[in-house]
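Step one of this worksheet: look at the structure below.
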Amino acid sequence: MGEEVKLHGTWASPFSCRVIWALKLKGIPYEYIEEDLSNKSSQLLQHNPVHKKIPVLVHGGKATCESMIILEYVEEMWPQNPLLPTHPCERADARFWIKFAEEKQGPAMWTVYRTSGEEQEKAVKDTLEMLRAIEAHGLVDKKYFGGDKIGIVDIAFGQIAQWLGVIEDIVGVKLLEAHKFPRLHAWIKNFKEVPIIKENLPDRDEMMVLFKHFREMLLTSSRDS
């Protein structure tokens, strides 16, 4: 278990942050390697030759890719401070919401960010539908998705806590209104108050600058193509 742990990521990526939060919640020491995605390191390309993306966790020289797959690996390799519940029914419920985060929540909100016009209008509707489902069914009478303790589902939905607000401000659309989503607003407050989360969230002002720039590049590219 004493083998070296390295994480290749980028500071503003919610997917990198997922892994950082998990490692820190479990107390796993690691070396962080910041990647320049416009000039990817030879190590990143070596460890993830298929997708060439971050995050990549390297443990004892062996690489694991994709943030939620990395979290599963971390959970199995270091069982202390578990992020998944122990009861099979609760574990199945956690996996349901993880899949929802990956297939519904993430794609919808990032489509709002990278599009405009009719395509963005549809993405806004999809995002609101996704948020309503989480509000109604995911956080009923619970501080966190798994109960009174932060867990893997909270980490999966971490994008809502910081990145969704940045997207709202950049595109000028309000999605997560407090009076419509009181449970989600309470969850965001609780999530951000966990010391390890609070200390390892990207700076919001720096995110605004970066994501504004990326969106301008994306929209210019789509107009030119």
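The way I read the labels, and the way they are meant: chains A, B, ... in the order of the structure tokens, residue 1 as the first residue of every chain, and ligand 1 as the first ligand shown, with later ones counted on from there.
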Hey, which bits of region 71-177 of chain A sit within 9 Å of region 4-27 of chain A, and for each residue what's the closest pair of atoms and how far apart in Å (one decimal), counting only C-alpha atoms, rows by chain and increasing number, as a Markdown table?
| residue | atom | partner | partner_atom | distance |
| --- | --- | --- | --- | --- |
| A:Leu71 | CA | A:Val19 | CA | 6.4 |
| A:Val74 | CA | A:Leu23 | CA | 7.4 |
| A:Glu75 | CA | A:Ala22 | CA | 8.5 |
| A:Trp78 | CA | A:Lys26 | CA | 7.4 |
| A:Pro79 | CA | A:Lys26 | CA | 8.3 |
| A:Gln80 | CA | A:Lys26 | CA | 6.3 |
| A:Asn81 | CA | A:Lys26 | CA | 5.4 |
| A:Pro82 | CA | A:Lys26 | CA | 7.6 |
| A:Leu83 | CA | A:Ala22 | CA | 7.9 |
| A:Gly151 | CA | A:Ala22 | CA | 8.8 |
| A:Ile152 | CA | A:Ala22 | CA | 7.9 |
| A:Ile155 | CA | A:Arg18 | CA | 5.7 |
| A:Ala156 | CA | A:Arg18 | CA | 6.9 |
| A:Gly158 | CA | A:Pro14 | CA | 7.3 |
| A:Gln159 | CA | A:Pro14 | CA | 5.9 |
| A:Gln162 | CA | A:Pro14 | CA | 8.7 |
| A:Trp163 | CA | A:Pro14 | CA | 7.5 |
Fill in: DSSP-assigned helix (DSSP H, G or I) among region 79-191 of chain A, expressed as JSON, numbers by chain
{"A": [88, 89, 90, 91, 92, 93, 94, 95, 96, 97, 98, 99, 100, 101, 102, 103, 104, 105, 106, 107, 108, 109, 110, 111, 112, 113, 114, 117, 118, 119, 120, 121, 122, 123, 124, 125, 126, 127, 128, 129, 130, 131, 132, 133, 134, 135, 136, 137, 138, 152, 153, 154, 155, 156, 158, 159, 160, 161, 162, 163, 164, 165, 166, 167, 168, 169, 170, 171, 182, 183, 184, 185, 186, 187, 188, 189, 190, 191]}
Discussion item. Which residues are near region 42-44 of chain A? Cut-off 8 Å, only C-alpha atoms, ignore same chain within fewer than 6 positions. Put them as a list of chain:residue names.
Written reply: A:His8, A:Lys52, A:Lys53, A:Ile54, A:Val56
Item to complete: Return the single residue from A:Leu219, A:Glu66, A:Glu35, A:Tyr73 that is closest to Gln120 (chain A), with distances computed using only C-alpha atoms.
Response: A:Leu219
Item to complete: Go ahead and compute the interatomic distance for CA of Asp169 (chain A) and CA of Tyr113 (chain A), in Å to one decimal.
Response: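 According to the coordinates, CA of Asp169 (chain A) and CA of Tyr113 (chain A) are separated by 10.1 Å.
Take CA of Glu3 (chain A) and CA of Ile98 (chain A): the distance between them is 28.4 Å.
Using only C-alpha atoms, the nearest neighbour of Ile188 (chain A) within the list A:Gly117, A:Pro202, A:Pro88, A:Gly165 is A:Gly165.
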Fill in: Test item: residues at most 12 Å from His137 (chain A), only C-alpha atoms, excluding those fewer than 5 positions along its chain, as a PyMOL selection string
chain A and resi 93+96-97+100+130-132+142+145+181+183-184
Filtering to C-alpha atoms, could you give me those residues as a CSV table (one decimal), in the first residue's frame?
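That gives us out.csv:
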chain,number,residue,atom,x,y,z
A,93,ASP,CA,-28.9,3.6,-4.9
A,96,PHE,CA,-28.0,4.9,-9.6
A,97,TRP,CA,-27.3,8.6,-8.8
A,100,PHE,CA,-27.5,10.0,-13.3
A,130,MET,CA,-32.3,17.2,-14.3
A,131,LEU,CA,-32.2,19.6,-11.3
A,132,ARG,CA,-35.9,19.0,-10.5
A,142,LYS,CA,-30.9,14.3,3.9
A,145,PHE,CA,-27.0,12.2,-0.8
A,181,PHE,CA,-34.5,24.2,-5.4
A,183,ARG,CA,-32.8,21.2,-1.0
A,184,LEU,CA,-30.1,21.6,-3.5
Item to complete: Do a neighbour search on Gly106 (chain A) at 9 Å with only C-alpha atoms, toss out local chain neighbours closer than 4 positions, and write the hits as an MDAnalysis selection string.
Response: chainID A and resid 100:102 110:111 127 157 159:160
Output file for the selection above: N, CA and C atoms, as a PDB file, in the first residue's frame:
ATOM      1  N   PHE A 100     -26.686   8.810 -12.989  1.00  0.00           N
ATOM      2  CA  PHE A 100     -27.489   9.987 -13.334  1.00  0.00           C
ATOM      3  C   PHE A 100     -26.591  11.210 -13.501  1.00  0.00           C
ATOM      4  N   ALA A 101     -25.640  11.373 -12.593  1.00  0.00           N
ATOM      5  CA  ALA A 101     -24.706  12.499 -12.685  1.00  0.00           C
ATOM      6  C   ALA A 101     -23.898  12.447 -13.973  1.00  0.00           C
ATOM      7  N   GLU A 102     -23.459  11.253 -14.340  1.00  0.00           N
ATOM      8  CA  GLU A 102     -22.614  11.089 -15.515  1.00  0.00           C
ATOM      9  C   GLU A 102     -23.390  11.225 -16.820  1.00  0.00           C
ATOM     10  N   TRP A 110     -23.099  21.242 -19.226  1.00  0.00           N
ATOM     11  CA  TRP A 110     -21.987  21.656 -20.090  1.00  0.00           C
ATOM     12  C   TRP A 110     -22.453  21.987 -21.507  1.00  0.00           C
ATOM     13  N   THR A 111     -23.590  21.426 -21.929  1.00  0.00           N
ATOM     14  CA  THR A 111     -24.162  21.818 -23.221  1.00  0.00           C
ATOM     15  C   THR A 111     -24.683  23.246 -23.147  1.00  0.00           C
ATOM     16  N   THR A 127     -31.404  20.741 -18.377  1.00  0.00           N
ATOM     17  CA  THR A 127     -30.732  20.970 -17.092  1.00  0.00           C
ATOM     18  C   THR A 127     -31.745  21.188 -15.978  1.00  0.00           C
ATOM     19  N   PHE A 157     -21.735  14.751  -7.855  1.00  0.00           N
ATOM     20  CA  PHE A 157     -22.533  15.942  -8.155  1.00  0.00           C
ATOM     21  C   PHE A 157     -21.814  17.245  -7.805  1.00  0.00           C
ATOM     22  N   GLN A 159     -19.966  19.163  -9.335  1.00  0.00           N
ATOM     23  CA  GLN A 159     -19.994  20.213 -10.368  1.00  0.00           C
ATOM     24  C   GLN A 159     -21.093  21.239 -10.096  1.00  0.00           C
ATOM     25  N   ILE A 160     -22.212  20.772  -9.529  1.00  0.00           N
ATOM     26  CA  ILE A 160     -23.335  21.678  -9.262  1.00  0.00           C
ATOM     27  C   ILE A 160     -22.934  22.738  -8.237  1.00  0.00           C
TER      28      ILE A 160
END
Worksheet item: In terms of the shortest atom-to-atom distance over only C-alpha atoms, which of A:Lys149, A:Lys180, A:Arg114, A:His87 is closest to Leu128 (chain A)?
Response: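 Counting only C-alpha atoms, the residue closest to Leu128 (chain A) is A:Lys180.
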Worksheet item: Could you write out, as JSON, numbers by chain, all the residues of region 6-84 of chain A that DSSP marks as strand (DSSP E)?
Response: {"A": [6, 7, 8, 9, 31, 32, 33, 34, 56, 57, 58, 59, 62, 63, 64, 65]}
For C-alpha atoms, I'd like the residues from the last selection saved as a CSV table (one decimal), in the first residue's frame.
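Done, and the output landed in part_38.csv:
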chain,number,residue,atom,x,y,z
A,6,LYS,CA,0.3,10.5,-8.7
A,7,LEU,CA,-2.6,12.4,-10.1
A,8,HIS,CA,-2.5,14.2,-13.5
A,9,GLY,CA,-5.1,16.9,-13.7
A,31,GLU,CA,1.8,13.9,-6.0
A,32,TYR,CA,-0.3,16.3,-8.1
A,33,ILE,CA,0.9,17.0,-11.7
A,34,GLU,CA,-0.8,20.0,-13.3
A,56,VAL,CA,-5.3,10.0,-14.6
A,57,LEU,CA,-4.3,8.4,-11.3
A,58,VAL,CA,-1.0,6.5,-11.3
A,59,HIS,CA,-0.5,4.1,-8.4
A,62,LYS,CA,-0.2,1.6,-13.1
A,63,ALA,CA,-2.7,4.1,-14.5
A,64,THR,CA,-6.5,4.4,-14.0
A,65,CYS,CA,-8.5,6.9,-16.1
Item to complete: Name all residues at most 9 Å from Val112 (chain A) (count only C-alpha atoms; drop same-chain ones fewer than 2 positions away) and give them as a PyMOL selection string.
Response: chain A and resi 107-110+114-116+119-124+127+167-168+171
With all heavy atoms retained, could you export that selection as a CSV table (one decimal), in the first residue's frame?
chain,number,residue,atom,x,y,z
A,107,PRO,N,-23.6,16.2,-18.8
A,107,PRO,CA,-23.8,16.6,-20.2
A,107,PRO,C,-24.8,17.8,-20.4
A,107,PRO,O,-24.6,18.7,-21.2
A,107,PRO,CB,-24.4,15.3,-20.8
A,107,PRO,CG,-23.9,14.2,-20.0
A,107,PRO,CD,-23.8,14.8,-18.6
A,108,ALA,N,-25.9,17.8,-19.6
A,108,ALA,CA,-26.9,18.9,-19.8
A,108,ALA,C,-26.2,20.3,-19.4
A,108,ALA,O,-26.3,21.2,-20.2
A,108,ALA,CB,-28.1,18.7,-18.9
A,109,MET,N,-25.6,20.4,-18.3
A,109,MET,CA,-25.1,21.7,-17.9
A,109,MET,C,-23.9,22.2,-18.8
A,109,MET,O,-23.8,23.4,-19.1
A,109,MET,CB,-24.7,21.8,-16.4
A,109,MET,CG,-23.6,20.9,-16.0
A,109,MET,SD,-23.2,21.0,-14.2
A,109,MET,CE,-21.7,22.0,-14.2
A,110,TRP,N,-23.1,21.2,-19.2
A,110,TRP,CA,-22.0,21.7,-20.1
A,110,TRP,C,-22.5,22.0,-21.5
A,110,TRP,O,-21.8,22.8,-22.2
A,110,TRP,CB,-20.9,20.6,-20.1
A,110,TRP,CG,-20.2,20.6,-18.8
A,110,TRP,CD1,-20.2,19.6,-17.8
A,110,TRP,CD2,-19.3,21.6,-18.2
A,110,TRP,NE1,-19.5,20.0,-16.7
A,110,TRP,CE2,-18.9,21.2,-17.0
A,110,TRP,CE3,-18.9,22.9,-18.7
A,110,TRP,CZ2,-18.1,22.0,-16.2
A,110,TRP,CZ3,-18.1,23.6,-17.9
A,110,TRP,CH2,-17.6,23.2,-16.7
A,114,ARG,N,-21.5,25.4,-23.7
A,114,ARG,CA,-20.8,25.5,-24.9
A,114,ARG,C,-21.7,25.8,-26.2
A,114,ARG,O,-21.1,25.7,-27.3
A,114,ARG,CB,-20.0,24.2,-25.1
A,114,ARG,CG,-20.9,23.0,-25.4
A,114,ARG,CD,-20.0,21.7,-25.7
A,114,ARG,NE,-20.9,20.6,-26.0
A,114,ARG,CZ,-21.2,19.6,-25.1
A,114,ARG,NH1,-20.7,19.7,-23.9
A,114,ARG,NH2,-21.9,18.6,-25.5
A,115,THR,N,-23.0,26.1,-26.0
A,115,THR,CA,-23.8,26.3,-27.1
A,115,THR,C,-24.5,27.7,-27.0
A,115,THR,O,-24.4,28.4,-26.0
A,115,THR,CB,-24.9,25.2,-27.2
A,115,THR,OG1,-25.7,25.2,-26.0
A,115,THR,CG2,-24.3,23.8,-27.4
A,116,SER,N,-25.3,28.0,-28.0
A,116,SER,CA,-26.1,29.2,-28.0
A,116,SER,C,-27.4,28.9,-28.8
A,116,SER,O,-27.5,27.9,-29.4
A,116,SER,CB,-25.3,30.4,-28.7
A,116,SER,OG,-25.0,30.0,-30.0
A,119,GLU,N,-30.2,25.4,-29.6
A,119,GLU,CA,-29.5,24.2,-28.9
A,119,GLU,C,-29.3,24.5,-27.4
A,119,GLU,O,-29.5,23.6,-26.6
A,119,GLU,CB,-28.1,24.0,-29.6
A,119,GLU,CG,-27.5,22.7,-29.1
A,119,GLU,CD,-26.2,22.4,-29.8
A,119,GLU,OE1,-25.7,23.2,-30.7
A,119,GLU,OE2,-25.5,21.4,-29.5
A,120,GLN,N,-29.0,25.8,-27.1
A,120,GLN,CA,-28.8,26.1,-25.7
A,120,GLN,C,-30.1,26.1,-25.0
A,120,GLN,O,-30.2,25.7,-23.8
A,120,GLN,CB,-28.1,27.5,-25.6
A,120,GLN,CG,-27.8,27.8,-24.1
A,120,GLN,CD,-27.2,29.3,-24.0
A,120,GLN,OE1,-28.0,30.2,-24.1
A,120,GLN,NE2,-25.9,29.4,-23.7
A,121,GLU,N,-31.2,26.6,-25.6
A,121,GLU,CA,-32.5,26.6,-25.0
A,121,GLU,C,-32.9,25.2,-24.6
A,121,GLU,O,-33.5,25.0,-23.5
A,121,GLU,CB,-33.5,27.2,-26.0
A,121,GLU,CG,-33.4,28.7,-26.1
A,121,GLU,CD,-34.3,29.3,-27.2
A,121,GLU,OE1,-35.3,28.6,-27.6
A,121,GLU,OE2,-34.1,30.4,-27.7
A,122,LYS,N,-32.7,24.2,-25.5
A,122,LYS,CA,-33.0,22.8,-25.2
A,122,LYS,C,-32.2,22.3,-24.0
A,122,LYS,O,-32.7,21.6,-23.1
A,122,LYS,CB,-32.8,21.9,-26.4
A,122,LYS,CG,-33.1,20.5,-26.1
A,122,LYS,CD,-32.8,19.6,-27.3
A,122,LYS,CE,-33.2,18.1,-27.0
A,122,LYS,NZ,-32.6,17.6,-25.8
A,123,ALA,N,-30.9,22.7,-24.0
A,123,ALA,CA,-30.0,22.3,-22.9
A,123,ALA,C,-30.5,22.9,-21.6
A,123,ALA,O,-30.3,22.2,-20.5
A,123,ALA,CB,-28.6,22.7,-23.2
A,124,VAL,N,-31.0,24.1,-21.6
A,124,VAL,CA,-31.5,24.8,-20.4
A,124,VAL,C,-32.7,24.0,-19.8
A,124,VAL,O,-32.8,23.7,-18.6
A,124,VAL,CB,-31.9,26.2,-20.6
A,124,VAL,CG1,-32.7,26.8,-19.5
A,124,VAL,CG2,-30.6,27.1,-20.8
A,127,THR,N,-31.4,20.7,-18.4
A,127,THR,CA,-30.7,21.0,-17.1
A,127,THR,C,-31.7,21.2,-16.0
A,127,THR,O,-31.6,20.6,-14.9
A,127,THR,CB,-29.8,22.2,-17.2
A,127,THR,OG1,-28.8,21.9,-18.2
A,127,THR,CG2,-29.0,22.4,-15.9
A,167,ILE,N,-21.1,28.8,-14.9
A,167,ILE,CA,-21.8,28.7,-16.2
A,167,ILE,C,-23.0,29.6,-16.2
A,167,ILE,O,-23.2,30.4,-17.2
A,167,ILE,CB,-22.3,27.2,-16.4
A,167,ILE,CG1,-21.0,26.3,-16.6
A,167,ILE,CG2,-23.2,27.2,-17.6
A,167,ILE,CD1,-21.4,24.8,-16.7
A,168,GLU,N,-23.8,29.7,-15.2
A,168,GLU,CA,-24.9,30.6,-15.1
A,168,GLU,C,-24.5,32.1,-15.4
A,168,GLU,O,-25.1,32.8,-16.2
A,168,GLU,CB,-25.6,30.5,-13.7
A,168,GLU,CG,-26.4,29.3,-13.5
A,168,GLU,CD,-27.0,29.3,-12.1
A,168,GLU,OE1,-26.3,29.7,-11.2
A,168,GLU,OE2,-28.2,28.8,-12.0
A,171,VAL,N,-23.1,32.6,-19.2
A,171,VAL,CA,-24.1,32.6,-20.2
A,171,VAL,C,-25.3,33.5,-20.0
A,171,VAL,O,-26.1,33.7,-20.9
A,171,VAL,CB,-24.6,31.1,-20.6
A,171,VAL,CG1,-23.4,30.2,-20.9
A,171,VAL,CG2,-25.4,30.5,-19.4
Worksheet item: Between CA of Leu139 (chain A) and CA of Asn190 (chain A), what is the spacing in Å?
Response: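 Value for the CA of Asn190 (chain A)-CA of Leu139 (chain A) distance: 12.2 Å.
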